[in-house]
$ cat work_3.cif   # mmCIF, C-alpha atoms
data_entry
#
loop_
_atom_site.label_atom_id
_atom_site.label_comp_id
_atom_site.auth_asym_id
_atom_site.auth_seq_id
_atom_site.Cartn_x
_atom_site.Cartn_y
_atom_site.Cartn_z
CA MET A 22 -0.83 -10.00 -34.40
CA ASN A 23 2.72 -9.12 -33.36
CA LEU A 24 3.07 -8.14 -29.70
CA LEU A 25 6.29 -6.28 -28.94
CA LEU A 26 6.12 -5.89 -25.17
CA ASP A 27 5.11 -7.84 -22.09
CA THR A 28 3.29 -5.81 -19.45
CA HIS A 29 3.32 -8.38 -16.63
CA THR A 30 6.38 -10.36 -15.48
CA HIS A 31 7.75 -11.57 -12.15
CA THR A 32 11.23 -12.20 -10.76
CA VAL A 33 12.54 -14.27 -7.86
CA ALA A 34 11.66 -11.30 -5.63
CA SER A 35 7.98 -12.33 -5.84
CA GLY A 36 8.78 -15.37 -3.72
CA HIS A 37 7.10 -17.96 -5.94
CA ALA A 38 8.80 -17.03 -9.22
CA TYR A 39 12.05 -18.53 -10.40
CA SER A 40 14.05 -16.17 -12.63
CA THR A 41 16.01 -12.97 -12.26
CA ILE A 42 15.39 -9.76 -14.18
CA MET A 43 18.55 -10.55 -16.18
CA GLU A 44 17.15 -13.94 -17.21
CA ASN A 45 13.76 -12.42 -18.06
CA ALA A 46 15.36 -9.71 -20.19
CA LYS A 47 17.57 -12.22 -21.99
CA GLU A 48 14.54 -14.36 -22.87
CA ALA A 49 12.63 -11.26 -23.98
CA SER A 50 15.52 -10.26 -26.24
CA LYS A 51 15.67 -13.76 -27.72
CA LYS A 52 11.95 -13.56 -28.54
CA GLY A 53 12.25 -10.13 -30.14
CA LEU A 54 10.45 -8.14 -27.45
CA LYS A 55 11.37 -4.48 -27.16
CA LEU A 56 10.12 -3.87 -23.61
CA ILE A 57 9.05 -5.73 -20.48
CA CYS A 58 7.45 -4.50 -17.29
CA MET A 59 8.99 -5.82 -14.08
CA THR A 60 5.91 -6.18 -11.89
CA ASP A 61 6.68 -8.20 -8.80
CA HIS A 62 3.91 -8.88 -6.29
CA GLY A 63 3.20 -6.37 -3.56
CA PRO A 64 4.31 -7.17 0.00
CA LYS A 65 0.94 -8.51 1.21
CA MET A 66 1.43 -11.57 -1.02
CA PRO A 67 2.90 -14.35 1.17
CA GLY A 68 6.58 -14.63 0.34
CA GLY A 69 6.48 -11.33 -1.53
CA PRO A 70 9.18 -8.67 -1.40
CA HIS A 71 9.63 -6.08 1.31
CA ILE A 72 8.49 -2.58 0.40
CA PHE A 73 12.19 -1.63 0.13
CA HIS A 74 12.31 -3.72 -3.07
CA PHE A 75 10.05 -1.20 -4.80
CA GLY A 76 11.66 1.83 -3.20
CA ASN A 77 15.06 0.73 -4.56
CA LEU A 78 14.03 0.04 -8.17
CA LYS A 79 15.85 3.24 -9.10
CA VAL A 80 19.04 1.16 -9.30
CA MET A 81 17.60 -0.91 -12.14
CA PRO A 82 19.06 -0.03 -15.57
CA LYS A 83 16.64 1.24 -18.18
CA GLU A 84 17.75 -1.41 -20.63
CA ILE A 85 19.08 -4.98 -20.29
CA TYR A 86 20.15 -7.07 -23.30
CA GLY A 87 18.62 -4.42 -25.55
CA VAL A 88 15.21 -4.71 -23.87
CA GLU A 89 13.72 -1.66 -22.17
CA ILE A 90 12.74 -2.33 -18.55
CA LEU A 91 9.81 -0.51 -16.95
CA LYS A 92 9.85 -0.62 -13.16
CA GLY A 93 6.54 -1.52 -11.62
CA VAL A 94 4.45 -3.64 -9.30
CA GLU A 95 1.50 -5.98 -9.28
CA ALA A 96 -0.13 -4.44 -6.24
CA ASN A 97 -2.71 -6.32 -4.22
CA ILE A 98 -6.18 -4.83 -3.84
CA VAL A 99 -6.88 -5.42 -0.15
CA ASP A 100 -10.44 -4.19 0.46
CA ARG A 101 -13.68 -3.00 -1.12
CA ASP A 102 -12.36 0.58 -1.11
CA GLY A 103 -9.71 -0.43 -3.62
CA ASN A 104 -6.80 0.24 -1.29
CA LEU A 105 -3.45 -1.26 -2.33
CA ASP A 106 -0.56 -2.73 -0.37
CA ILE A 107 1.85 -0.14 -1.78
CA PRO A 108 1.95 3.39 -0.27
CA GLU A 109 1.39 6.42 -2.50
CA GLU A 110 4.94 7.69 -2.07
CA ILE A 111 6.18 4.50 -3.75
CA LEU A 112 3.39 4.23 -6.35
CA LYS A 113 4.12 7.67 -7.77
CA LYS A 114 7.74 6.71 -8.47
CA LEU A 115 6.90 3.60 -10.49
CA ASP A 116 6.61 3.41 -14.28
CA VAL A 117 3.65 1.04 -14.28
CA VAL A 118 1.17 -0.23 -11.67
CA ILE A 119 -1.01 -3.32 -12.04
CA ALA A 120 -3.76 -3.76 -9.43
CA SER A 121 -5.11 -7.27 -8.92
CA LEU A 122 -7.33 -9.38 -6.70
CA HIS A 123 -5.62 -12.42 -5.14
CA ASP A 124 -7.38 -14.94 -2.95
CA VAL A 125 -4.80 -14.74 -0.14
CA CYS A 126 -5.01 -10.93 0.02
CA PHE A 127 -8.68 -10.14 -0.55
CA PRO A 128 -11.26 -11.58 1.88
CA TYR A 129 -14.43 -11.17 -0.18
CA ARG A 130 -16.00 -13.40 -2.84
CA ASP A 131 -19.34 -11.74 -3.72
CA VAL A 132 -19.90 -9.93 -7.00
CA ASP A 133 -20.61 -6.53 -5.45
CA SER A 134 -17.47 -6.53 -3.28
CA ASN A 135 -15.25 -7.71 -6.13
CA THR A 136 -16.68 -5.17 -8.56
CA GLU A 137 -16.50 -2.28 -6.10
CA ALA A 138 -12.91 -3.13 -5.18
CA ILE A 139 -11.75 -3.09 -8.80
CA ILE A 140 -13.63 0.10 -9.67
CA ASN A 141 -12.30 1.88 -6.59
CA ALA A 142 -8.76 0.75 -7.45
CA MET A 143 -9.22 2.30 -10.91
CA LYS A 144 -9.96 5.64 -9.23
CA ASN A 145 -6.40 5.62 -7.89
CA PRO A 146 -4.51 7.86 -10.36
CA TYR A 147 -1.41 5.64 -10.11
CA VAL A 148 -3.18 2.45 -11.25
CA ASP A 149 -2.63 1.74 -14.95
CA ILE A 150 -3.77 -1.87 -15.44
CA ILE A 151 -6.29 -4.21 -13.80
CA GLY A 152 -4.68 -7.64 -13.65
CA HIS A 153 -6.47 -10.89 -14.60
CA PRO A 154 -10.07 -9.67 -14.08
CA GLY A 155 -11.34 -12.94 -15.57
CA ASN A 156 -10.36 -14.92 -12.47
CA PRO A 157 -13.36 -17.20 -11.79
CA ILE A 158 -12.79 -16.98 -8.02
CA PHE A 159 -13.82 -13.33 -8.20
CA ASP A 160 -17.05 -12.89 -10.15
CA ILE A 161 -17.53 -9.32 -11.32
CA ASP A 162 -20.10 -7.19 -13.05
CA VAL A 163 -18.23 -6.98 -16.35
CA ASP A 164 -20.27 -4.09 -17.73
CA ARG A 165 -19.69 -1.93 -14.65
CA VAL A 166 -15.97 -2.72 -14.58
CA LEU A 167 -15.45 -1.93 -18.26
CA GLU A 168 -17.49 1.26 -18.12
CA ALA A 169 -15.32 2.37 -15.20
CA ALA A 170 -12.18 1.39 -17.12
CA ARG A 171 -13.27 3.66 -19.96
CA GLU A 172 -14.16 6.47 -17.53
CA TYR A 173 -10.84 6.32 -15.64
CA ASP A 174 -8.75 5.38 -18.68
CA THR A 175 -7.57 2.13 -17.12
CA CYS A 176 -6.23 -0.73 -19.20
CA ILE A 177 -7.77 -4.19 -18.76
CA GLU A 178 -5.46 -7.18 -18.90
CA ILE A 179 -5.88 -10.43 -20.79
CA ASN A 180 -3.58 -12.68 -18.77
CA ASN A 181 -1.97 -15.58 -20.62
CA SER A 182 -1.06 -17.46 -17.45
CA SER A 183 -4.75 -17.69 -16.58
CA PHE A 184 -5.19 -20.18 -19.42
CA VAL A 185 -1.99 -22.14 -18.82
CA SER A 186 -0.98 -22.59 -15.19
CA SER A 187 -3.18 -20.53 -12.87
CA ARG A 188 -6.79 -19.38 -12.50
CA VAL A 189 -8.04 -22.34 -14.53
CA GLY A 190 -11.58 -21.69 -15.70
CA SER A 191 -10.89 -18.10 -16.79
CA TYR A 192 -11.45 -18.66 -20.50
CA ASP A 193 -15.17 -17.86 -20.78
CA ASN A 194 -14.85 -14.84 -18.47
CA CYS A 195 -11.89 -13.48 -20.45
CA LEU A 196 -13.67 -14.00 -23.74
CA LEU A 197 -16.69 -12.07 -22.44
CA ILE A 198 -14.42 -9.29 -21.16
CA ALA A 199 -12.63 -9.09 -24.51
CA LYS A 200 -15.90 -8.94 -26.46
CA LYS A 201 -17.36 -6.23 -24.23
CA ALA A 202 -14.08 -4.28 -24.25
CA SER A 203 -14.37 -4.18 -28.02
CA GLU A 204 -17.95 -2.92 -27.80
CA LYS A 205 -17.12 -0.30 -25.17
CA ASN A 206 -13.81 0.84 -26.70
CA VAL A 207 -11.73 -0.11 -23.64
CA LYS A 208 -7.95 -0.44 -23.83
CA ILE A 209 -6.51 -3.94 -23.49
CA CYS A 210 -3.03 -5.19 -22.68
CA VAL A 211 -1.71 -8.73 -22.81
CA GLY A 212 0.49 -9.94 -19.98
CA SER A 213 2.32 -13.24 -19.83
CA ASP A 214 2.31 -13.08 -16.01
CA ALA A 215 5.55 -15.04 -16.36
CA HIS A 216 6.87 -16.59 -13.17
CA ILE A 217 9.82 -18.14 -15.00
CA SER A 218 11.84 -16.62 -17.81
CA PHE A 219 10.73 -19.14 -20.43
CA ASP A 220 7.18 -17.75 -20.21
CA VAL A 221 8.17 -14.13 -20.83
CA GLY A 222 6.48 -13.10 -24.05
CA ARG A 223 4.19 -16.12 -24.06
CA PHE A 224 0.88 -14.81 -25.40
CA ASP A 225 -0.49 -17.78 -27.36
CA LYS A 226 -3.68 -18.45 -25.41
CA ALA A 227 -4.47 -14.78 -24.85
CA LEU A 228 -4.16 -14.17 -28.57
CA GLU A 229 -6.66 -16.95 -29.22
CA VAL A 230 -9.17 -15.12 -27.02
CA ILE A 231 -8.43 -11.80 -28.72
CA GLU A 232 -8.91 -13.32 -32.15
CA LYS A 233 -12.14 -15.04 -31.15
CA ALA A 234 -13.46 -11.79 -29.67
CA ASN A 235 -12.50 -9.95 -32.87
CA LEU A 236 -10.81 -7.24 -30.81
CA ASP A 237 -9.68 -4.18 -32.73
CA GLU A 238 -5.87 -4.13 -32.82
CA ASN A 239 -5.96 -0.40 -32.05
CA LEU A 240 -7.28 -1.20 -28.57
CA ILE A 241 -4.34 -3.49 -27.76
CA LEU A 242 -1.40 -1.57 -26.30
CA ASN A 243 1.21 -4.31 -26.76
CA THR A 244 1.43 -3.89 -30.52
CA ASN A 245 3.55 -0.75 -30.32
CA VAL A 246 5.99 0.41 -27.65
CA ASP A 247 5.31 4.08 -28.34
CA LYS A 248 1.55 3.50 -28.02
CA PHE A 249 2.00 1.86 -24.62
CA LYS A 250 4.39 4.54 -23.39
CA GLU A 251 2.07 7.28 -24.63
CA TYR A 252 -0.73 5.69 -22.61
CA LEU A 253 1.46 5.75 -19.51
CA LYS A 254 2.50 9.37 -20.16
CA ASN A 255 -1.15 10.34 -20.37
CA LYS A 256 -1.54 8.73 -16.94
CA GLY A 257 1.26 10.94 -15.62
CA LYS A 258 4.03 8.31 -15.81
CA LEU A 259 7.49 8.16 -17.41
#

$ encode --input "work_3.cif" --output "structure tokens"
Amino acid sequence: MNLLLDTHTHTVASGHAYSTIMENAKEASKKGLKLICMTDHGPKMPGGPHIFHFGNLKVMPKEIYGVEILKGVEANIVDRDGNLDIPEEILKKLDVVIASLHDVCFPYRDVDSNTEAIINAMKNPYVDIIGHPGNPIFDIDVDRVLEAAREYDTCIEINNSSFVSSRVGSYDNCLLIAKKASEKNVKICVGSDAHISFDVGRFDKALEVIEKANLDENLILNTNVDKFKEYLKNKGKL
């Protein structure tokens, strides 16, 4: 399966990432990617960027080294109500919004709280993708989450970094999510979650999960730039 875009990348602005957008775009170009999403962490992440970072993304060129750049955020879900650490006036100006649970930003650990938080975040019309839902720290009711994803037309991420350098122990959860997404006809995207340029476009482990789950290629948005952008347009973006 040939993936042509990376929906989840970080720059030095995230505080614990190590490359610039220029370096990320150059690596993406070298690997033949057509598009990357610049999705730095929201400001509640320790060391994360000030909200001005997201308000000023308008200065970012639409293309660097021949790679289209979508301006976005990996926003932190901060409570059971699905509230994010990015205000609506900023969210509505972004091309793409990932919403994720992170242990330093979300105080709960029980299945009901985690599930409710993700589902409520999906109800936010500006949220496009749920990031790394296979994180073993946050057990979820997979059926409820995927049924909500289908209802609210929210894309579910298979996160390559979860198998390589973070969230170790995600494999079985991600495989279950992928299998059930296939059954329930839920859209999937693959994100490298790169925190250094060399990992931009790294999808090897995520693709293993997708292959094992026998996921229909039509459900995977990374295979075609127009398909991904059409999804975002249907969500009121771009």

$ closest_atom_pairs --input "work_3.cif" --of "segment 145-238 of chain A" --to "segment 27-34 of chain A" --cutoff "9 Å" --atoms "only C-alpha atoms" --output "Markdown table"
| residue | atom | partner | partner_atom | distance |
| --- | --- | --- | --- | --- |
| A:Gly152 | CA | A:His29 | CA | 8.6 |
| A:Glu178 | CA | A:Thr28 | CA | 8.9 |
| A:Asn180 | CA | A:His29 | CA | 8.4 |
| A:Cys210 | CA | A:Thr28 | CA | 7.1 |
| A:Val211 | CA | A:Thr28 | CA | 6.7 |
| A:Gly212 | CA | A:His29 | CA | 4.7 |
| A:Ser213 | CA | A:His29 | CA | 5.9 |
| A:Asp214 | CA | A:His29 | CA | 4.8 |
| A:Ala215 | CA | A:Thr30 | CA | 4.8 |
| A:His216 | CA | A:His31 | CA | 5.2 |
| A:Ile217 | CA | A:Thr32 | CA | 7.4 |
| A:Ser218 | CA | A:Thr32 | CA | 8.3 |
| A:Asp220 | CA | A:Thr30 | CA | 8.8 |
| A:Val221 | CA | A:Thr30 | CA | 6.8 |
| A:Gly222 | CA | A:Asp27 | CA | 5.8 |
| A:Arg223 | CA | A:Asp27 | CA | 8.6 |
| A:Phe224 | CA | A:Asp27 | CA | 8.8 |

$ resolve_selection --input "work_3.cif" --expression "the PyMOL selection byres ((chain A and resi 174) around 9)" --output "ChimeraX atom specification"
/A:143,149,169-173,175-176,207-208,252,256

$ residues_around --input "work_3.cif" --residues "Asn77 of chain A" --least-positions-apart "6" --cutoff "12 Å" --atoms "all atoms listed in the file" --output "ChimeraX atom specification"
/A:70-71,92-93,111,114-115

$ closest_residue --input "work_3.cif" --among "A:Ile151, A:Val185, A:Leu24, A:Ile57" --to "Leu228 of chain A" --atoms "all atoms listed in the file"
A:Leu24

$ closest_residue --input "work_3.cif" --among "A:Val88, A:Ala138, A:Val117, A:Met81" --to "Asp102 of chain A" --atoms "all atoms listed in the file"
A:Ala138

$ atom_distance --input "work_3.cif" --atom1 "atom CA of Met43 of chain A" --atom2 "atom CA of Asp116 of chain A"
18.5 Å

$ residues_around --input "work_3.cif" --residues "Ile198 of chain A" --least-positions-apart "2" --cutoff "8 Å" --atoms "only C-alpha atoms" --output "PDB file with C-alpha atoms, in the frame of the given file"
ATOM      1  CA  GLY A 155     -11.340 -12.940 -15.570  1.00  0.00           C
ATOM      2  CA  VAL A 163     -18.230  -6.980 -16.350  1.00  0.00           C
ATOM      3  CA  LEU A 167     -15.450  -1.930 -18.260  1.00  0.00           C
ATOM      4  CA  ASN A 194     -14.850 -14.840 -18.470  1.00  0.00           C
ATOM      5  CA  CYS A 195     -11.890 -13.480 -20.450  1.00  0.00           C
ATOM      6  CA  LEU A 196     -13.670 -14.000 -23.740  1.00  0.00           C
ATOM      7  CA  LYS A 200     -15.900  -8.940 -26.460  1.00  0.00           C
ATOM      8  CA  LYS A 201     -17.360  -6.230 -24.230  1.00  0.00           C
ATOM      9  CA  ALA A 202     -14.080  -4.280 -24.250  1.00  0.00           C
TER      10      ALA A 202
END

$ closest_residue --input "work_3.cif" --among "A:Ala120, A:Asn141, A:Tyr147, A:Arg130" --to "Lys254 of chain A" --atoms "all atoms listed in the file"
A:Tyr147
